[in-house]
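Raw contents of entry.txt, compact mmCIF, C-alpha atoms:
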# COMPACT_ATOMS: atom_id res chain seq x y z
CA MET A 1 -89.97 -6.09 -32.15
CA TYR A 2 -86.47 -5.05 -31.10
CA VAL A 3 -86.28 -2.96 -27.93
CA ASN A 4 -82.97 -1.10 -27.04
CA LYS A 5 -82.81 -1.03 -23.27
CA LYS A 6 -80.36 1.45 -21.72
CA THR A 7 -79.05 0.32 -18.45
CA LYS A 8 -77.57 2.65 -15.85
CA LYS A 9 -73.97 1.95 -14.72
CA LYS A 10 -73.58 1.54 -11.05
CA ARG A 11 -71.23 4.15 -9.66
CA MET A 12 -68.78 3.39 -6.83
CA PRO A 13 -69.62 5.33 -3.71
CA ARG A 14 -67.53 8.46 -3.25
CA LYS A 15 -66.34 7.36 0.20
CA THR A 16 -65.00 4.10 -1.26
CA ILE A 17 -63.12 5.99 -3.96
CA PHE A 18 -61.50 8.29 -1.39
CA PHE A 19 -60.59 5.31 0.79
CA LEU A 20 -58.96 3.35 -2.07
CA GLY A 21 -57.12 6.44 -3.22
CA ALA A 22 -55.75 6.99 0.25
CA VAL A 23 -54.65 3.36 0.49
CA ILE A 24 -52.86 3.58 -2.87
CA LEU A 25 -51.17 6.87 -1.89
CA VAL A 26 -49.97 5.48 1.44
CA THR A 27 -48.69 2.33 -0.29
CA VAL A 28 -46.74 4.37 -2.85
CA VAL A 29 -45.22 6.53 -0.11
CA LEU A 30 -44.21 3.46 1.93
CA ILE A 31 -42.68 1.70 -1.06
CA THR A 32 -40.80 4.84 -2.09
CA GLY A 33 -39.51 5.32 1.44
CA LEU A 34 -38.43 1.68 1.65
CA ILE A 35 -36.57 1.95 -1.65
CA VAL A 36 -34.80 5.11 -0.46
CA ILE A 37 -33.81 3.44 2.83
CA LEU A 38 -32.54 0.29 1.12
CA THR A 39 -30.64 2.06 -1.63
CA ALA A 40 -29.27 5.00 0.33
CA GLY A 41 -25.60 4.51 1.13
CA LYS A 42 -23.88 5.66 4.25
CA SER A 43 -22.21 9.03 4.14
CA LEU A 44 -18.43 9.07 4.07
CA GLU A 45 -18.32 10.19 7.70
CA ASP A 46 -20.46 7.23 8.80
CA THR A 47 -17.94 4.74 7.37
CA ILE A 48 -14.91 6.13 9.24
CA VAL A 49 -13.82 4.54 12.52
CA ASP A 50 -11.23 5.89 14.96
CA MET A 51 -8.33 3.57 15.66
CA PRO A 52 -7.27 2.62 19.22
CA PHE A 53 -3.80 4.06 18.64
CA GLY A 54 -2.46 7.48 17.77
CA SER A 55 -0.27 8.83 15.01
CA ALA A 56 2.82 8.51 17.22
CA SER A 57 2.39 4.71 17.54
CA SER A 58 4.10 2.31 15.16
CA HIS A 59 1.48 0.47 13.12
CA TYR A 60 1.51 -1.93 10.18
CA THR A 61 -0.95 -3.58 7.81
CA VAL A 62 -0.59 -7.35 7.86
CA GLY A 63 -2.95 -9.25 5.58
CA GLN A 64 -6.49 -8.13 6.41
CA ASN A 65 -5.56 -6.88 9.87
CA ILE A 66 -3.67 -3.99 11.44
CA ILE A 67 -0.97 -4.32 14.08
CA PHE A 68 0.07 -1.53 16.43
CA VAL A 69 2.92 -1.43 18.92
CA ASP A 70 2.90 -0.29 22.55
CA GLN A 71 6.51 -0.66 23.72
CA GLU A 72 7.06 -4.45 23.55
CA LEU A 73 3.36 -5.37 23.19
CA LEU A 74 1.97 -6.11 19.72
CA THR A 75 -1.82 -5.95 19.27
CA CYS A 76 -3.49 -7.21 16.11
CA ILE A 77 -6.96 -5.86 15.34
CA SER A 78 -9.45 -6.39 12.52
CA PRO A 79 -10.99 -3.49 10.52
CA SER A 80 -14.01 -3.75 12.87
CA LEU A 81 -11.57 -3.05 15.77
CA SER A 82 -11.98 -6.47 17.37
CA THR A 83 -8.77 -7.88 18.86
CA VAL A 84 -7.37 -10.81 16.86
CA TRP A 85 -4.32 -11.52 19.05
CA LYS A 86 -1.75 -9.96 21.36
CA LEU A 87 1.91 -10.84 21.75
CA ARG A 88 4.57 -9.50 24.09
CA LEU A 89 8.10 -9.44 22.67
CA PHE A 90 11.37 -9.80 24.50
CA SER A 91 12.19 -6.08 24.60
CA GLY A 92 11.02 -2.64 23.57
CA GLY A 93 12.59 -0.04 21.30
CA LEU A 94 12.37 -2.33 18.28
CA ARG A 95 12.27 -1.53 14.56
CA PHE A 96 9.63 -3.41 12.64
CA THR A 97 9.26 -4.67 9.09
CA ALA A 98 6.07 -6.42 7.98
CA ASN A 99 4.24 -7.78 4.95
CA ASN A 100 1.17 -9.99 4.52
CA ASP A 101 3.06 -13.05 5.79
CA ILE A 102 5.70 -12.11 8.34
CA ILE A 103 6.56 -9.51 10.99
CA ALA A 104 10.20 -8.94 11.91
CA ALA A 105 11.29 -6.98 14.99
CA ALA A 106 14.94 -5.98 15.27
CA GLY A 107 16.88 -4.33 18.06
CA GLN A 108 19.77 -4.81 20.47
CA GLY A 109 21.40 -7.32 18.11
CA VAL A 110 18.36 -9.63 18.10
CA ILE A 111 15.94 -10.40 15.29
CA GLN A 112 12.51 -11.73 16.34
CA VAL A 113 10.14 -13.10 13.70
CA ILE A 114 6.37 -13.62 14.11
CA ASN A 115 3.78 -14.90 11.65
CA THR A 116 0.46 -13.18 10.95
CA GLN A 117 -1.34 -15.41 13.48
CA GLY A 118 0.80 -13.96 16.26
CA GLN A 119 2.90 -17.10 16.62
CA HIS A 120 6.59 -16.78 17.35
CA GLN A 121 8.70 -18.24 14.52
CA PHE A 122 12.26 -17.73 15.73
CA SER A 123 14.66 -15.36 17.49
CA THR A 124 18.37 -15.05 16.80
CA GLN A 125 21.15 -13.11 18.48
CA LEU A 126 23.49 -11.66 15.85
CA ASP A 127 27.10 -10.65 16.24
CA GLY A 128 26.79 -7.00 15.24
CA ASP A 129 24.44 -4.05 15.04
CA ILE A 130 21.27 -4.60 13.02
CA GLU A 131 20.91 -1.76 10.52
CA SER A 132 17.64 -2.98 8.98
CA SER A 133 15.63 -6.06 8.02
CA ARG A 134 13.43 -7.17 5.14
CA VAL A 135 10.76 -9.85 4.98
CA GLY A 136 9.59 -12.08 2.15
CA LYS A 137 7.01 -14.80 1.86
CA ASP A 138 8.90 -17.31 4.03
CA VAL A 139 12.33 -15.73 4.48
CA VAL A 140 13.89 -12.83 6.38
CA ALA A 141 16.96 -10.78 5.46
CA VAL A 142 19.01 -8.80 7.99
CA TYR A 143 21.65 -6.15 7.26
CA ILE A 144 24.25 -6.03 10.06
CA LYS A 145 27.50 -4.19 10.74
CA GLN A 146 30.27 -5.32 13.05
CA HIS A 147 32.25 -2.43 14.53
CA LEU A 148 35.77 -3.77 15.07
CA ASP A 149 38.94 -1.88 15.96
CA ASP A 150 40.37 -1.61 12.45
CA LYS A 151 37.41 -2.28 10.15
CA THR A 152 33.64 -2.52 9.91
CA PRO A 153 32.58 -5.70 8.12
CA SER A 154 28.97 -5.71 6.89
CA TYR A 155 26.69 -8.57 5.83
CA ILE A 156 23.22 -9.31 4.54
CA ILE A 157 22.06 -12.61 6.04
CA VAL A 158 18.99 -14.54 4.85
CA PHE A 159 17.12 -16.87 7.24
CA ASN A 160 14.21 -19.23 6.75
CA LEU A 161 11.32 -19.27 9.22
CA SER A 162 13.06 -21.92 11.32
CA GLY A 163 15.93 -19.53 11.95
CA GLU A 164 18.36 -21.44 9.73
CA GLN A 165 20.87 -19.34 7.82
CA LEU A 166 20.35 -19.77 4.08
CA PHE A 167 22.70 -17.17 2.64
CA LEU A 168 25.39 -14.74 3.78
CA LEU A 169 26.43 -11.88 1.50
CA ASP A 170 29.50 -9.82 2.34
CA VAL A 171 28.73 -6.15 1.60
CA THR A 172 31.70 -4.65 3.44
CA ASP A 173 32.68 -1.24 2.01
CA ARG A 174 29.63 -1.27 -0.24
CA TYR A 175 27.02 1.49 0.06
CA VAL A 176 23.75 -0.45 0.22
CA LEU A 177 20.71 1.70 -0.57
CA ASP A 178 18.07 -1.02 -0.40
CA TYR A 179 17.51 -4.76 -0.64
CA GLY A 180 14.61 -7.19 -0.64
CA PHE A 181 12.99 -10.22 -2.25
CA ASP A 182 11.01 -11.10 -5.34
CA GLU A 183 7.34 -12.05 -4.97
CA MET A 184 8.05 -15.76 -4.40
CA SER A 185 11.05 -15.03 -2.14
CA ASP A 186 13.25 -17.22 -4.32
CA ALA A 187 15.68 -14.41 -5.06
CA LEU A 188 17.31 -11.50 -3.25
CA TYR A 189 18.10 -8.12 -4.82
CA VAL A 190 20.55 -5.52 -3.59
CA LEU A 191 20.59 -1.89 -4.74
CA GLU A 192 23.90 -0.18 -4.12
CA LEU A 193 25.64 3.05 -5.05
CA ASP A 194 29.22 2.97 -6.29
CA ALA A 195 30.78 6.40 -5.88
CA SER A 196 34.40 5.29 -6.22
CA GLY A 197 34.76 6.49 -9.82
CA SER A 198 34.39 9.84 -11.52
CA VAL A 199 30.69 9.15 -12.16
CA PRO A 200 28.43 7.57 -9.51
CA ILE A 201 26.95 4.23 -10.59
CA SER A 202 23.70 2.72 -9.37
CA ARG A 203 24.01 -1.05 -9.37
CA ILE A 204 21.31 -3.73 -9.02
CA LEU A 205 22.47 -7.24 -8.17
CA THR A 206 20.30 -10.34 -7.76
CA TYR A 207 21.14 -13.57 -5.96
CA LYS A 208 19.70 -17.04 -5.48
CA PRO A 209 20.10 -17.87 -1.77
CA GLU A 210 19.33 -21.52 -2.48
CA THR A 211 22.32 -21.91 -4.81
CA GLN A 212 24.51 -19.20 -3.20
CA SER A 213 24.97 -17.60 -6.61
CA MET A 214 24.66 -14.21 -8.29
CA THR A 215 22.14 -14.28 -11.13
CA MET A 216 22.21 -10.71 -12.51
CA ILE A 217 24.08 -7.43 -12.32
CA LYS A 218 22.83 -4.22 -13.91
CA GLU A 219 24.61 -0.86 -13.83
CA LEU A 220 22.92 2.50 -14.46
CA LYS A 221 25.59 5.12 -15.07
CA ASP A 222 23.48 8.01 -16.31
CA GLN A 223 21.19 8.34 -13.32
CA LEU A 224 20.77 7.61 -9.62
CA VAL A 225 18.27 4.91 -8.65
CA SER A 226 16.20 5.58 -5.55
CA ALA A 227 14.06 2.43 -5.38
CA VAL A 228 13.58 -1.01 -6.90
CA TYR A 229 10.33 -2.97 -7.31
CA TRP A 230 10.38 -6.65 -8.25
CA ILE A 231 6.91 -7.44 -9.59
CA ASP A 232 5.85 -10.50 -11.56
CA ASP A 233 9.35 -11.48 -12.80
CA HIS A 234 10.20 -7.90 -13.79
CA ILE A 235 12.49 -5.48 -11.99
CA TYR A 236 11.50 -1.79 -12.07
CA ALA A 237 14.24 0.69 -11.22
CA ILE A 238 13.06 4.19 -10.25
CA GLY A 239 15.76 6.58 -11.41
CA THR A 240 16.27 10.33 -11.66
CA THR A 241 16.00 10.15 -15.46
CA TYR A 242 14.19 6.93 -16.39
CA LEU A 243 11.86 4.26 -15.12
CA THR A 244 13.90 1.26 -16.27
CA VAL A 245 12.31 -2.17 -16.69
CA TYR A 246 14.30 -5.40 -16.71
CA GLY A 247 12.54 -8.59 -17.78
CA SER A 248 14.02 -12.00 -18.44
CA VAL A 249 17.74 -12.37 -19.08
CA ASN A 250 17.48 -12.07 -22.87
CA SER A 251 14.67 -9.49 -23.03
CA GLU A 252 15.25 -5.90 -24.08
CA VAL A 253 15.60 -3.23 -21.44
CA GLN A 254 12.68 -0.78 -21.46
CA GLU A 255 13.23 2.86 -20.50
CA ILE A 256 10.51 5.45 -19.86
CA MET A 257 11.61 9.05 -19.48
CA THR A 258 10.76 10.40 -16.01
CA TYR A 259 13.17 13.32 -15.79
CA GLY A 260 11.50 16.13 -13.85
CA TRP A 261 9.09 13.73 -12.12
CA MET A 262 9.24 11.89 -8.80
CA LEU A 263 7.44 8.72 -7.78
CA GLU A 264 4.32 9.17 -5.62
CA ASP A 265 2.66 5.73 -5.61
CA VAL A 266 2.88 2.25 -7.14
CA TYR A 267 -0.08 -0.08 -7.68
CA GLU A 268 1.46 -3.53 -7.86
CA THR A 269 -0.34 -5.92 -10.25
CA ASP A 270 0.72 -7.98 -13.26
CA ASP A 271 0.39 -4.66 -15.13
CA PRO A 272 1.70 -2.25 -12.49
CA LYS A 273 0.85 1.45 -12.49
CA PHE A 274 3.34 4.11 -11.42
CA ILE A 275 2.10 7.54 -10.33
CA PHE A 276 4.55 10.43 -10.74
CA VAL A 277 4.25 14.07 -9.66
CA PRO A 278 6.49 16.99 -10.63
CA ASN A 279 9.91 17.24 -9.03
CA GLY A 280 10.14 20.05 -6.56
CA SER A 281 6.54 19.60 -5.40
CA THR A 282 6.81 20.31 -1.71
CA GLN A 283 3.36 20.12 -0.15
CA THR A 284 0.76 19.88 -2.92
CA PHE A 285 0.58 18.66 -6.53
CA ASP A 286 -1.15 20.26 -9.50
CA ILE A 287 -0.70 17.39 -11.96
CA ALA A 288 -0.24 13.62 -11.83
CA ARG A 289 1.24 11.30 -14.42
CA ILE A 290 0.12 7.66 -14.42
CA VAL A 291 2.50 5.35 -16.29
CA ARG A 292 1.83 1.76 -17.31
CA THR A 293 4.86 -0.01 -18.73
CA SER A 294 2.56 -1.94 -21.07
CA GLY A 295 2.26 1.29 -23.04
CA SER A 296 -0.55 3.60 -21.97
CA GLU A 297 0.02 6.82 -20.05
CA ILE A 298 -2.34 9.52 -18.79
CA LYS A 299 -2.05 12.85 -17.02
CA ILE A 300 -4.55 14.35 -14.58
CA ASN A 301 -4.79 18.05 -13.83
CA LEU A 302 -5.49 18.12 -10.11
CA PRO A 303 -7.66 20.45 -8.02
CA PRO A 304 -5.90 22.78 -5.58
CA GLY A 305 -4.58 21.34 -2.34
CA VAL A 306 -3.95 17.67 -3.31
CA PHE A 307 -1.04 16.31 -1.24
CA LYS A 308 -1.49 12.54 -1.57
CA ILE A 309 -2.43 10.26 -4.49
CA LEU A 310 -3.20 6.54 -4.28
CA HIS A 311 -4.12 4.18 -7.11
CA GLY A 312 -6.83 1.71 -6.11
CA VAL A 313 -8.17 -1.32 -7.95
CA GLU A 314 -10.23 0.67 -10.44
CA LYS A 315 -10.02 4.27 -9.23
CA ILE A 316 -7.47 6.96 -8.46
CA TYR A 317 -7.86 8.77 -5.12
CA CYS A 318 -6.50 12.29 -4.60
CA PHE A 319 -6.52 13.65 -1.06
CA ALA A 320 -6.55 17.29 0.01
CA ASN A 321 -6.79 18.49 3.61
CA GLU A 322 -10.59 18.47 3.70
CA LYS A 323 -11.61 16.81 0.43
CA LEU A 324 -11.24 13.55 -1.49
CA PHE A 325 -11.29 13.69 -5.29
CA VAL A 326 -12.02 10.42 -7.09
CA TYR A 327 -11.10 9.60 -10.70
CA THR A 328 -11.48 6.51 -12.86
CA GLY A 329 -8.41 4.47 -13.71
CA GLU A 330 -8.43 6.29 -17.07
CA GLY A 331 -8.24 9.68 -15.35
CA LYS A 332 -11.88 10.73 -15.74
CA TYR A 333 -13.26 12.77 -12.84
CA LEU A 334 -16.02 11.01 -10.88
CA ARG A 335 -16.84 12.78 -7.63
CA THR A 336 -15.67 14.98 -4.76
CA TYR A 337 -16.22 13.96 -1.13
CA ASP A 338 -16.03 16.28 1.86
CA LEU A 339 -13.94 14.81 4.66
CA PRO A 340 -15.34 15.21 8.19
CA TYR A 341 -12.16 16.94 9.39
CA ALA A 342 -8.88 18.27 8.10
CA ILE A 343 -6.30 15.53 7.53
CA ASP A 344 -2.53 15.81 7.31
CA GLY A 345 -1.57 12.28 6.26
CA VAL A 346 -2.84 9.23 4.34
CA GLU A 347 -1.48 5.71 3.99
CA ARG A 348 -2.69 2.41 2.58
CA ALA A 349 -4.34 -0.01 4.96
CA VAL A 350 -6.20 -3.29 4.41
CA ASP A 351 -7.83 -3.86 1.01
CA ASP A 352 -9.78 -0.80 -0.21
CA HIS A 353 -9.12 1.08 3.05
CA VAL A 354 -6.82 3.92 4.05
CA LEU A 355 -5.60 5.28 7.35
CA LEU A 356 -6.23 9.00 7.79
CA LYS A 357 -3.97 10.98 10.09
CA HIS A 358 -5.51 14.06 11.69
CA GLY A 359 -3.43 15.62 14.41
CA GLU A 360 -2.63 13.00 17.03
CA PHE A 361 -5.39 10.67 15.84
CA ILE A 362 -5.69 7.99 13.15
CA SER A 363 -8.90 6.76 11.56
CA LEU A 364 -9.70 3.94 9.15
CA MET A 365 -11.77 4.78 6.08
CA PRO A 366 -13.01 2.47 3.28
CA LEU A 367 -12.36 3.95 -0.13
CA PRO A 368 -15.61 4.89 -1.90
Could you render the structure as C-alpha cells?
Amino acid sequence: MYVNKKTKKKRMPRKTIFFLGAVILVTVVLITGLIVILTAGKSLEDTIVDMPFGSASSHYTVGQNIIFVDQELLTCISPSLSTVWKLRLFSGGLRFTANNDIIAAAGQGVIQVINTQGQHQFSTQLDGDIESSRVGKDVVAVYIKQHLDDKTPSYIIVFNLSGEQLFLLDVTDRYVLDYGFDEMSDALYVLELDASGSVPISRILTYKPETQSMTMIKELKDQLVSAVYWIDDHIYAIGTTYLTVYGSVNSEVQEIMTYGWMLEDVYETDDPKFIFVPNGSTQTFDIARIVRTSGSEIKINLPPGVFKILHGVEKIYCFANEKLFVYTGEGKYLRTYDLPYAIDGVERAVDDHVLLKHGEFISLMPLP
C-alpha cells in the first residue's frame, strides 16, 4: 500500500535571517562606497597647484618642464614643483626665447644658449645690438643692428649649438616683421614688409643656411601678413584677408577667406587647426571659428564672458573669468567647470596643462 508522507520543511531561525541580511546589507554598502571612492575624480580645484613665481616673472615651457627667471638665475621645475636644475647666467636683464630643445638669452650684445638639461651650450659677443632671437631644434638665429655714424646695417645670423656661424643674411633697410625655422631647423624663413611702393607688400622668403641660398619668395600684395607658421612642410601665412597655405614648390596656393576675423590660437599637428574670433573683439568673444585647411570648418556660439580659447588634443577649451567651458573637437558642448577664483589670463603650459593668471599669482591646471 502506497503511503504519502508529508514532511515539514525546516525553517531558518529568525535571528539567523536577520544576521545574514545585515551582513549582506553592510557588504553592499561597503562595495558601493569603495566603487564611489575609486571612481570619483578630483574636483577641478584639487588639481590646481600654485607656482613658485608670480605673474611678473618671466617664465617659459620647455619640454615637460617650466623655467622661471629671477634676475640672472634660471630655475627649472617639473609640474609637481620639484626642482630639476638651476643655472646662473652671466648677467641679468635678458630677453629669452625658448622651445622644447633650446633656451636663448640675449642682452648687452651677448647671446647665451642653454639646452633643456640646464647645460651651457655656447655664448657669443656680437658686434651690435641684439633686437631679438629665435631658436630651432639645434640652431639659433639672432637679429642684430649696428648703429654706425652714417648707416645702420642689420643682419640675421644663424649659429649651431657649438657657436659656429652657419649663415649671415643682410637685412639692412628691410622691415623685418618676424623670422624663424621650419620644424627640422633645416630652413630659415623671414617675413618682411615692403612699404616702398604705392601698395604695401608682405613678403615671405625662405633660405637654406647649409647651402647659403634662397629657396622661395612669396609676395602678398592684397593683404598684410601678421604671422607665419611653418608646419609639416607647409607655410601658413596669417593675413588680414586670407589664411594662405603654401605647400611644395609646384603645389597650388590655397586661400581661405578670413576677412573680419583675427587669429586666436593654433593647434600645430599634421592637420593644424586655426581658431579665429571676430575682428574688433576687445575683451570677450561671442563666436569662434575653427578652420582646418584639409577642408572642414566649424563655428561655436560662445557663452558670455569668454576671453581665451585654446584647442587641445581632442577638446576645445573656452575660458571666462570664473568658468571653463569645454567642447569636443567638432564643437559639441560637453561641460562647464567653475574655477576656484577669478582669472585674468591663460597660457599653454606642459602637455594638457595651462597656466592660470589671477592677480599677481600663477597656477598650473591640468585640462579636464
- line: Residue with the minimum atom-to-atom distance to Met184 (chain A), picked from A:Asp338, A:Asp233, A:Glu322, A:Glu131 with all atoms listed in the file counted, is A:Asp233
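Once region 88-91 of chain A and its same-chain neighbours fewer than 5 positions away are set aside, Val69, Asp70, Gln71, Glu72, Leu73, Leu74, Thr75, Ala105, Ala106, Gly107, Gln108, Val110, Gln112, Val113, Ile114, Gly118, His120 and Ser123 of chain A remain within 10 Å of it when counting all atoms listed in the file.
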Okay, now the selection with C-alpha atoms, as an mmCIF file, in the frame of the given file?
data_model
loop_
_atom_site.group_PDB
_atom_site.id
_atom_site.type_symbol
_atom_site.label_atom_id
_atom_site.label_comp_id
_atom_site.auth_asym_id
_atom_site.auth_seq_id
_atom_site.Cartn_x
_atom_site.Cartn_y
_atom_site.Cartn_z
ATOM 1 C CA VAL A 69 2.920 -1.430 18.920
ATOM 2 C CA ASP A 70 2.900 -0.290 22.550
ATOM 3 C CA GLN A 71 6.510 -0.660 23.720
ATOM 4 C CA GLU A 72 7.060 -4.450 23.550
ATOM 5 C CA LEU A 73 3.360 -5.370 23.190
ATOM 6 C CA LEU A 74 1.970 -6.110 19.720
ATOM 7 C CA THR A 75 -1.820 -5.950 19.270
ATOM 8 C CA ALA A 105 11.290 -6.980 14.990
ATOM 9 C CA ALA A 106 14.940 -5.980 15.270
ATOM 10 C CA GLY A 107 16.880 -4.330 18.060
ATOM 11 C CA GLN A 108 19.770 -4.810 20.470
ATOM 12 C CA VAL A 110 18.360 -9.630 18.100
ATOM 13 C CA GLN A 112 12.510 -11.730 16.340
ATOM 14 C CA VAL A 113 10.140 -13.100 13.700
ATOM 15 C CA ILE A 114 6.370 -13.620 14.110
ATOM 16 C CA GLY A 118 0.800 -13.960 16.260
ATOM 17 C CA HIS A 120 6.590 -16.780 17.350
ATOM 18 C CA SER A 123 14.660 -15.360 17.490
#
Non-local contacts of Phe276 (chain A) (7 Å; only C-alpha atoms; under 4 positions in same chain excluded) as a count of residues only: 7
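Our summary of the geometry notes that CA of Thr61 (chain A) is positioned 5.7 Å from CA of Ala349 (chain A).
One distance worth recording is that between CA of Pro304 (chain A) and CA of Leu356 (chain A), which is 19.2 Å.
Residues near the point (15.9, -2.4, -7.0), at a distance of 6 Å or less over all atoms listed in the file, make up Leu191, Ile204, Ala227, Val228, Tyr229 and Ala237 of chain A.
Taking CA of Ser132 (chain A) and CA of Lys308 (chain A) as the two end points, the separation is 26.8 Å.
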- request: Please identify all polymer residues within 7 Å of Val350 (chain A), counting all atoms listed in the file, omitting same-chain residues fewer than 5 positions from it, and present them as an MDAnalysis selection string.
  value: chainID A and resid 61 63:65
- request: With a distance cut-off of 7 Å and only C-alpha atoms, select the neighbouring residues of Gly109 (chain A), excluding the residue or stretch itself and same-chain residues fewer than 3 positions from it, and output the selection as a list in words.
  value: Gln125, Leu126, Asp127, Gly128, Asp129 and Ile130 of chain A
- request: Would you mind telling me which residue in A:Lys137, A:His234, A:Arg203, A:His147 lies nearest to Asp186 (chain A) when using only C-alpha atoms?
  value: A:Lys137
Selection: 10 Å around Phe361 (chain A), only C-alpha atoms, excl. self and same-chain fewer than 6 positions, as a list in words: Asp50, Met51, Pro52, Phe53, Gly54, Ser55, Ala56, Ser57 and Ile343 of chain A
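Distance annotation: of A:Phe319, A:Tyr207, A:Tyr327, A:Tyr189, the residue with the minimal separation from Tyr236 (chain A) is A:Tyr189; atom set is only C-alpha atoms.
With only the atoms specified (only C-alpha atoms) counting, those residues at most 9 Å away from (-1.4, 8.7, -17.2) are Lys273, Phe274, Ile275, Phe276, Ala288, Arg289, Ile290, Val291, Arg292, Ser296, Glu297, Ile298, Lys299, Ile300, Gly329, Glu330 and Gly331 of chain A.
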Among listed residues A:Leu310, A:Ala98, A:Ile67, A:Ile238, nearest Thr83 (chain A) (using all atoms listed in the file): A:Ile67
